[in-house]
Structures are given as structure tokens and as C-alpha cells.
$ cat data31.txt   # compact mmCIF, C-alpha atoms and all ligand atoms
# COMPACT_ATOMS: atom_id res chain seq x y z
CA MET A 1 19.25 8.49 -4.99
CA TYR A 2 15.56 7.88 -5.69
CA GLN A 3 13.00 10.64 -5.33
CA LEU A 4 9.62 9.52 -4.04
CA TYR A 5 6.57 11.77 -4.33
CA TYR A 6 4.30 10.87 -1.47
CA LEU A 7 1.49 11.90 0.85
CA PRO A 8 1.80 11.03 4.55
CA GLY A 9 0.08 7.70 5.29
CA ALA A 10 -0.97 7.17 1.66
CA CYS A 11 -0.20 4.11 -0.45
CA SER A 12 3.13 5.73 -1.35
CA LYS A 13 4.25 4.69 2.13
CA ALA A 14 4.49 1.07 0.97
CA ILE A 15 6.98 2.12 -1.72
CA HIS A 16 8.88 4.09 0.90
CA VAL A 17 9.03 1.01 3.16
CA LEU A 18 10.09 -1.17 0.23
CA LEU A 19 12.93 1.20 -0.69
CA LEU A 20 14.18 1.04 2.90
CA GLU A 21 13.81 -2.78 2.97
CA LEU A 22 16.03 -2.80 -0.12
CA GLY A 23 18.61 -0.58 1.59
CA GLN A 24 18.02 2.30 -0.83
CA GLN A 25 18.31 5.99 -0.10
CA VAL A 26 15.28 8.08 -0.90
CA GLU A 27 14.48 11.76 -1.02
CA LEU A 28 10.87 12.28 -0.01
CA ILE A 29 8.85 15.01 -1.70
CA ASN A 30 5.36 15.75 -0.42
CA LYS A 31 3.09 15.97 -3.46
CA ASN A 32 1.31 18.97 -1.95
CA THR A 33 4.51 21.03 -2.06
CA VAL A 34 4.86 20.60 -5.83
CA SER A 35 3.20 23.29 -7.94
CA ASP A 36 3.10 21.29 -11.18
CA PHE A 37 2.61 17.72 -9.97
CA ALA A 38 0.40 17.01 -13.01
CA ALA A 39 3.51 17.23 -15.17
CA LEU A 40 4.82 14.17 -13.29
CA ASN A 41 1.51 12.35 -13.07
CA PRO A 42 -1.54 13.66 -14.93
CA LEU A 43 -3.71 11.49 -12.64
CA GLY A 44 -2.53 13.49 -9.64
CA THR A 45 -1.86 10.39 -7.59
CA VAL A 46 1.09 9.22 -5.55
CA PRO A 47 3.35 7.27 -5.55
CA VAL A 48 5.58 8.68 -8.25
CA LEU A 49 9.16 7.49 -8.25
CA VAL A 50 11.99 9.25 -10.05
CA ASP A 51 15.04 7.16 -10.86
CA GLY A 52 17.55 9.28 -12.79
CA ASP A 53 15.76 10.37 -15.95
CA LYS A 54 12.91 7.87 -15.45
CA VAL A 55 9.55 8.88 -13.98
CA LEU A 56 7.62 5.83 -12.78
CA ARG A 57 3.99 5.66 -11.69
CA GLU A 58 1.50 3.09 -10.35
CA GLY A 59 2.31 1.36 -7.08
CA ALA A 60 2.38 -2.25 -8.34
CA ALA A 61 4.58 -1.26 -11.29
CA LEU A 62 6.99 0.50 -8.92
CA VAL A 63 7.16 -2.61 -6.71
CA LEU A 64 8.03 -4.85 -9.67
CA TYR A 65 10.52 -2.30 -11.01
CA LEU A 66 12.38 -2.03 -7.69
CA LEU A 67 12.35 -5.77 -7.01
CA GLY A 68 13.66 -6.44 -10.51
CA LYS A 69 16.47 -3.99 -10.02
CA HIS A 70 17.74 -4.75 -6.51
CA PRO A 71 18.65 -8.20 -5.15
CA ASN A 72 16.12 -9.17 -2.49
CA SER A 73 14.33 -11.95 -0.63
CA LEU A 74 10.88 -10.39 -1.04
CA LEU A 75 10.07 -11.83 -4.46
CA ALA A 76 11.26 -15.16 -5.87
CA ALA A 77 13.00 -14.90 -9.25
CA SER A 78 10.74 -17.53 -10.86
CA GLY A 79 8.32 -20.38 -10.23
CA VAL A 80 5.13 -20.81 -8.24
CA ALA A 81 6.34 -18.67 -5.33
CA ARG A 82 6.79 -15.73 -7.71
CA GLU A 83 3.40 -16.29 -9.35
CA GLN A 84 1.67 -16.38 -5.96
CA ALA A 85 3.51 -13.29 -4.77
CA ILE A 86 2.41 -11.36 -7.86
CA GLU A 87 -1.18 -12.55 -7.44
CA ASN A 88 -1.09 -11.35 -3.82
CA LEU A 89 0.45 -8.04 -4.91
CA MET A 90 -2.45 -7.50 -7.31
CA LEU A 91 -4.99 -8.62 -4.71
CA ALA A 92 -3.62 -5.82 -2.54
CA ASN A 93 -3.05 -3.09 -5.12
CA ALA A 94 -5.86 -3.80 -7.56
CA SER A 95 -8.57 -5.09 -5.20
CA LEU A 96 -8.04 -3.95 -1.60
CA HIS A 97 -6.73 -0.49 -2.43
CA PRO A 98 -9.73 0.37 -4.65
CA ALA A 99 -12.07 -1.15 -2.05
CA TYR A 100 -10.73 1.31 0.55
CA ALA A 101 -10.80 4.11 -2.05
CA LYS A 102 -14.60 3.76 -2.08
CA LEU A 103 -14.69 5.00 1.52
CA PHE A 104 -12.73 8.13 0.62
CA PHE A 105 -14.92 8.69 -2.45
CA LEU A 106 -18.14 8.37 -0.45
CA ARG A 107 -16.92 10.80 2.20
CA ALA A 108 -15.99 13.34 -0.47
CA HIS A 109 -19.19 13.08 -2.51
CA ILE A 110 -22.16 11.95 -0.40
CA LEU A 111 -23.56 14.76 1.71
CA ASP A 112 -26.68 13.02 3.00
CA GLU A 113 -25.75 11.28 6.27
CA THR A 114 -28.13 8.35 5.88
CA ALA A 115 -26.96 7.67 2.35
CA LEU A 116 -23.35 8.03 3.49
CA ALA A 117 -23.84 5.49 6.30
CA ALA A 118 -25.44 3.02 3.86
CA GLY A 119 -22.60 3.57 1.39
CA TYR A 120 -19.98 3.02 4.08
CA GLN A 121 -21.69 -0.19 5.16
CA ALA A 122 -21.71 -1.59 1.63
CA ALA A 123 -18.07 -0.58 1.09
CA VAL A 124 -16.99 -2.15 4.38
CA GLN A 125 -18.68 -5.41 3.40
CA GLY A 126 -16.54 -5.52 0.27
CA ILE A 127 -13.38 -4.67 2.21
CA GLU A 128 -14.06 -7.35 4.82
CA GLN A 129 -14.65 -9.97 2.12
CA LEU A 130 -11.18 -9.20 0.75
CA TRP A 131 -9.54 -9.28 4.19
CA GLN A 132 -11.17 -12.69 4.75
CA VAL A 133 -9.36 -14.00 1.65
CA VAL A 134 -6.08 -12.62 2.99
CA ASP A 135 -6.79 -14.04 6.45
CA ASP A 136 -7.37 -17.51 4.95
CA ARG A 137 -4.08 -17.33 3.07
CA LEU A 138 -2.32 -16.48 6.34
CA ALA A 139 -3.75 -19.45 8.27
CA GLN A 140 -0.44 -21.37 8.25
CA GLN A 141 2.09 -18.57 7.88
CA LEU A 142 3.04 -15.22 9.34
CA TYR A 143 3.35 -13.38 6.03
CA LEU A 144 1.83 -13.93 2.61
CA GLY A 145 5.45 -14.52 1.64
CA GLY A 146 5.79 -17.28 4.26
CA GLU A 147 8.43 -16.57 6.88
CA GLN A 148 9.54 -13.46 4.97
CA PRO A 149 7.26 -10.59 4.00
CA SER A 150 6.20 -10.40 0.38
CA PRO A 151 5.48 -7.08 -1.37
CA ALA A 152 1.76 -7.58 -0.70
CA ASP A 153 2.36 -7.70 3.06
CA LEU A 154 3.98 -4.26 2.92
CA LEU A 155 1.09 -2.76 0.95
CA LEU A 156 -1.57 -4.34 3.14
CA ALA A 157 0.04 -3.08 6.35
CA VAL A 158 -0.35 0.45 4.98
CA TYR A 159 -3.92 0.03 3.73
CA ALA A 160 -5.07 -1.50 7.03
CA GLY A 161 -4.38 1.83 8.72
CA TRP A 162 -6.93 3.66 6.55
CA GLY A 163 -9.90 2.24 8.43
CA GLY A 164 -8.94 4.56 11.29
CA TYR A 165 -9.97 7.57 9.19
CA PHE A 166 -13.62 6.46 9.24
CA PRO A 167 -16.26 6.02 11.96
CA LEU A 168 -16.64 2.30 11.30
CA ALA A 169 -15.14 -0.93 12.53
CA ILE A 170 -13.51 -2.98 9.79
CA LYS A 171 -12.87 -6.62 10.69
CA LEU A 172 -9.45 -7.68 9.51
CA GLY A 173 -9.17 -11.19 10.96
CA SER A 174 -6.70 -12.42 13.56
CA ASN A 175 -4.16 -13.75 11.05
CA VAL A 176 -4.19 -10.45 9.21
CA GLU A 177 -3.75 -8.54 12.47
CA ARG A 178 -0.74 -10.70 13.34
CA MET A 179 0.83 -10.12 9.92
CA ILE A 180 0.23 -6.37 10.09
CA ALA A 181 1.76 -6.11 13.56
CA ALA A 182 4.84 -7.99 12.28
CA VAL A 183 5.23 -5.70 9.24
CA ARG A 184 4.74 -2.57 11.33
CA ALA A 185 7.40 -3.74 13.81
CA ARG A 186 10.01 -3.95 11.05
CA PRO A 187 12.72 -1.25 11.18
CA ALA A 188 11.93 -0.15 7.60
CA PHE A 189 8.28 0.47 8.46
CA GLN A 190 9.16 2.36 11.65
CA GLN A 191 11.73 4.46 9.80
CA ALA A 192 9.21 5.33 7.08
CA LEU A 193 6.60 6.21 9.70
CA ILE A 194 8.94 8.67 11.41
CA ALA A 195 10.17 10.20 8.13
CA GLU A 196 6.60 10.82 6.90
CA GLN A 197 5.39 12.45 10.12
N1 LIG A 201 -3.51 2.93 -9.02
C1 LIG A 201 -2.74 3.91 -8.31
C2 LIG A 201 -3.61 4.52 -7.22
C3 LIG A 201 -2.85 5.57 -6.47
C4 LIG A 201 -3.75 6.36 -5.50
O1 LIG A 201 -4.99 6.24 -5.52
N2 LIG A 201 -3.11 7.17 -4.66
C5 LIG A 201 -3.85 8.02 -3.75
C6 LIG A 201 -3.27 7.94 -2.34
S1 LIG A 201 -3.38 6.30 -1.66
C7 LIG A 201 -3.70 9.46 -4.19
O2 LIG A 201 -2.63 9.88 -4.59
N3 LIG A 201 -4.80 10.24 -4.13
C8 LIG A 201 -4.75 11.63 -4.53
C9 LIG A 201 -4.70 12.56 -3.38
O3 LIG A 201 -4.98 12.14 -2.25
O4 LIG A 201 -4.39 13.74 -3.60
C10 LIG A 201 -1.49 3.26 -7.72
O5 LIG A 201 -1.56 2.11 -7.31
O6 LIG A 201 -0.43 3.92 -7.71
$ encode --input "data31.txt" --output "C-alpha cells"
Amino acid sequence: MYQLYYLPGACSKAIHVLLLELGQQVELINKNTVSDFAALNPLGTVPVLVDGDKVLREGAALVLYLLGKHPNSLLAASGVAREQAIENLMLANASLHPAYAKLFFLRAHILDETALAAGYQAAVQGIEQLWQVVDDRLAQQLYLGGEQPSPADLLLAVYAGWGGYFPLAIKLGSNVERMIAAVRARPAFQQALIAEQ
């Protein structure tokens, strides 16, 4: 069985959902209950996945590891569909995730309220620009993966929830909202939600 180090609602939830989509059993370990988490990940971040004697880090790497190991319909084995799915995975993990991380950083480090509001506004502009790209890609299809979710859809459905932690409206776009509702309605997402509560 896999062990997944997580924080409730964090990006680790996408790995949790993916494991359930793949029909895998997972033992969840809240990072905050581990006294020496730095031994597993010196960066202190989740997700960390333990598979036997392997300790794996970095969300996108975990996604590719799991999809390479278990038969699935989330990622094509080769060709243009695979290339697009990996581009979308990186758009989510390497662009949208850091864009949201700016909001958390600002809240932790900017004490002046006016400066904080200006920082939030600039960060939200960047986030909305990225959602617009995703929204455009969803114009003709429910998921970035087409009729089936791709890994990026799972990640984005988790990230979209982070806006609720801040006193700002973040425009996602109607296609994005439709995709997120569809991902969140999936049994794997619901199961992960309950398990992390
Ligand atoms: N590049 C890393 C980023 C991971 C990351 O930033 N994780 C956040 C949660 S979404 C975290 O663990 N933050 C530390 C904390 O909240 O204690 C990845 O994709 O795995």
C-alpha cells in the first residue's frame, strides 16, 4: 500500500484523488503529525509518496510515476495526446500552483494592509490570466483530457478551491467552472474529500 504525506486541502489532495482513480489503496499521513518530516522532504512540502523503499516528491513527478506504473485512461501512452496532457500538467503544477502560492506568501509576509491588498490584486491578475488559458482550452470539451479527465484536471480542481481562503473574487471562467464541478463530482474526489476532513 502507498503512504501519502498530505495536508488537508493542499496540492497533495490531487495525488490522493489520482491514487483513488487508479484503484490504489493509500495510507494517509498528515505531515503535521510527523516529527522529522524534513528527513522525508528537506523542502518541508507535501505531497510525499512512499512506495515500498522509494520516497517520491514533487507533485508532477508523482503523477507521471503513478500513471507510468498503473494502467489507466488518464494519460495516453504516446503521441500528441500525451504531449498535450503533459503540457497541461505542467501548466497546472508549474504555473497555476505557484501563481496561487503567491497569495499564501503575501498573507504570511506582508503586514501592511494597503500593500497586502495591492499584492493580492497583482497576484489575482496573474492567476486569472492562467485560468483564461485553461478556459480557452476547454471551449469544446468537458475536461482538458477531452471526455475523460487528464491529470491536469485533477490538479486544477484542487487549486481552484484555494481562492476561498482569501477575501478576493478570482474569475475562473464558465468552462473551467464546468470542468471543476465534473471533477469534484467524481467518486474519487468525494472519497478523498471525506478522508481528508
Ligand atoms: N513543487 C512542489 C510544491 C509543493 C507545495 O508547495 N506544497 C505545499 C502545499 S500545496 C506545502 O506543502 N506547503 C508547506 C506547508 O504548508 O507546510 C510540488 O509540486 O510538489
$ closest_atom_pairs --input "data31.txt" --of "chain A" --to "ligand LIG 201 (chain A)" --cutoff "8 Å" --atoms "only C-alpha atoms and all ligand atoms" --output "JSON lines"
{"residue": "A:Tyr6", "atom": "CA", "partner": "A:LIG201", "partner_atom": "O2", "distance": 7.7}
{"residue": "A:Leu7", "atom": "CA", "partner": "A:LIG201", "partner_atom": "C6", "distance": 7.0}
{"residue": "A:Gly9", "atom": "CA", "partner": "A:LIG201", "partner_atom": "S1", "distance": 7.9}
{"residue": "A:Ala10", "atom": "CA", "partner": "A:LIG201", "partner_atom": "S1", "distance": 4.2}
{"residue": "A:Cys11", "atom": "CA", "partner": "A:LIG201", "partner_atom": "S1", "distance": 4.0}
{"residue": "A:Ser12", "atom": "CA", "partner": "A:LIG201", "partner_atom": "S1", "distance": 6.5}
{"residue": "A:Lys31", "atom": "CA", "partner": "A:LIG201", "partner_atom": "O4", "distance": 7.8}
{"residue": "A:Asn32", "atom": "CA", "partner": "A:LIG201", "partner_atom": "O4", "distance": 7.9}
{"residue": "A:Gly44", "atom": "CA", "partner": "A:LIG201", "partner_atom": "C8", "distance": 5.9}
{"residue": "A:Thr45", "atom": "CA", "partner": "A:LIG201", "partner_atom": "O2", "distance": 3.1}
{"residue": "A:Val46", "atom": "CA", "partner": "A:LIG201", "partner_atom": "O2", "distance": 3.9}
{"residue": "A:Pro47", "atom": "CA", "partner": "A:LIG201", "partner_atom": "O6", "distance": 5.5}
{"residue": "A:Val48", "atom": "CA", "partner": "A:LIG201", "partner_atom": "O6", "distance": 7.7}
{"residue": "A:Arg57", "atom": "CA", "partner": "A:LIG201", "partner_atom": "O6", "distance": 6.2}
{"residue": "A:Glu58", "atom": "CA", "partner": "A:LIG201", "partner_atom": "O6", "distance": 3.4}
{"residue": "A:Gly59", "atom": "CA", "partner": "A:LIG201", "partner_atom": "O6", "distance": 3.8}
{"residue": "A:Ala60", "atom": "CA", "partner": "A:LIG201", "partner_atom": "O5", "distance": 6.0}
{"residue": "A:Asn93", "atom": "CA", "partner": "A:LIG201", "partner_atom": "O5", "distance": 5.8}
{"residue": "A:Ala94", "atom": "CA", "partner": "A:LIG201", "partner_atom": "N1", "distance": 7.3}
{"residue": "A:His97", "atom": "CA", "partner": "A:LIG201", "partner_atom": "O5", "distance": 7.6}
{"residue": "A:Pro98", "atom": "CA", "partner": "A:LIG201", "partner_atom": "O1", "distance": 7.6}
{"residue": "A:Ala101", "atom": "CA", "partner": "A:LIG201", "partner_atom": "O1", "distance": 7.1}
$ residues_around --input "data31.txt" --residues "region 129-134 of chain A" --least-positions-apart "4" --cutoff "7 Å" --atoms "only C-alpha atoms" --output "PDB file with C-alpha atoms, in the frame of the given file"
ATOM      1  CA  LEU A  96      -8.040  -3.950  -1.600  1.00  0.00           C
ATOM      2  CA  GLN A 125     -18.680  -5.410   3.400  1.00  0.00           C
ATOM      3  CA  LEU A 138      -2.320 -16.480   6.340  1.00  0.00           C
ATOM      4  CA  LEU A 172      -9.450  -7.680   9.510  1.00  0.00           C
ATOM      5  CA  GLY A 173      -9.170 -11.190  10.960  1.00  0.00           C
ATOM      6  CA  VAL A 176      -4.190 -10.450   9.210  1.00  0.00           C
TER       7      VAL A 176
END
$ closest_residue --input "data31.txt" --among "A:Leu28, A:Ala182, A:Leu75, A:Ala117" --to "Glu87 (chain A)" --atoms "only C-alpha atoms"
A:Leu75
$ atom_distance --input "data31.txt" --atom1 "CA of Leu66 (chain A)" --atom2 "CA of Ala192 (chain A)"
16.8 Å
$ residues_near_point --input "data31.txt" --point "(9.8, 3.1, 6.8)" --cutoff "8 Å" --atoms "all atoms listed in the file" --output "PDB file with C-alpha atoms, in the frame of the given file"
ATOM      1  CA  LYS A  13       4.250   4.690   2.130  1.00  0.00           C
ATOM      2  CA  HIS A  16       8.880   4.090   0.900  1.00  0.00           C
ATOM      3  CA  VAL A  17       9.030   1.010   3.160  1.00  0.00           C
ATOM      4  CA  LEU A  18      10.090  -1.170   0.230  1.00  0.00           C
ATOM      5  CA  LEU A  20      14.180   1.040   2.900  1.00  0.00           C
ATOM      6  CA  PRO A 187      12.720  -1.250  11.180  1.00  0.00           C
ATOM      7  CA  ALA A 188      11.930  -0.150   7.600  1.00  0.00           C
ATOM      8  CA  PHE A 189       8.280   0.470   8.460  1.00  0.00           C
ATOM      9  CA  GLN A 190       9.160   2.360  11.650  1.00  0.00           C
ATOM     10  CA  GLN A 191      11.730   4.460   9.800  1.00  0.00           C
ATOM     11  CA  ALA A 192       9.210   5.330   7.080  1.00  0.00           C
ATOM     12  CA  LEU A 193       6.600   6.210   9.700  1.00  0.00           C
ATOM     13  CA  ILE A 194       8.940   8.670  11.410  1.00  0.00           C
ATOM     14  CA  ALA A 195      10.170  10.200   8.130  1.00  0.00           C
TER      15      ALA A 195
END
$ atom_distance --input "data31.txt" --atom1 "CA of Gln24 (chain A)" --atom2 "CA of Ala81 (chain A)"
24.4 Å
$ closest_residue --input "data31.txt" --among "A:Leu22, A:Ala115, A:Ala185, A:Ala85" --to "Leu67 (chain A)" --atoms "all atoms listed in the file"
A:Leu22
$ atom_distance --input "data31.txt" --atom1 "CA of Asp51 (chain A)" --atom2 "CA of Asn72 (chain A)"
18.4 Å
$ closest_residue --input "data31.txt" --among "A:Tyr5, A:Lys54, A:Ala14, A:Leu62" --to "Thr33 (chain A)" --atoms "only C-alpha atoms"
A:Tyr5
$ closest_residue --input "data31.txt" --among "A:Arg184, A:Ala122, A:Leu74, A:Ser174" --to "Leu144 (chain A)" --atoms "all atoms listed in the file"
A:Leu74
$ axis_aligned_box --input "data31.txt" --around "region 162-176 of chain A" --padding-each-side "8 Å" --output "AutoDock Vina command-line options"
--center_x -10.4 --center_y -3.1 --center_z 10.1 --size_x 28.5 --size_y 37.3 --size_z 23.0
$ residues_near_point --input "data31.txt" --point "(16.0, 3.3, -4.2)" --cutoff "7 Å" --atoms "all atoms listed in the file" --output "list in words"
Met1, Tyr2, Leu19, Gln24, Gln25 and Val26 of chain A
$ closest_residue --input "data31.txt" --among "A:Phe104, A:Gln3, A:Leu142, A:Gln121" --to "Gly52 (chain A)" --atoms "only C-alpha atoms"
A:Gln3
$ residues_around --input "data31.txt" --residues "Ile170 (chain A)" --least-positions-apart "6" --cutoff "7 Å" --atoms "only C-alpha atoms" --output "ChimeraX atom specification"
/A:124,128,163
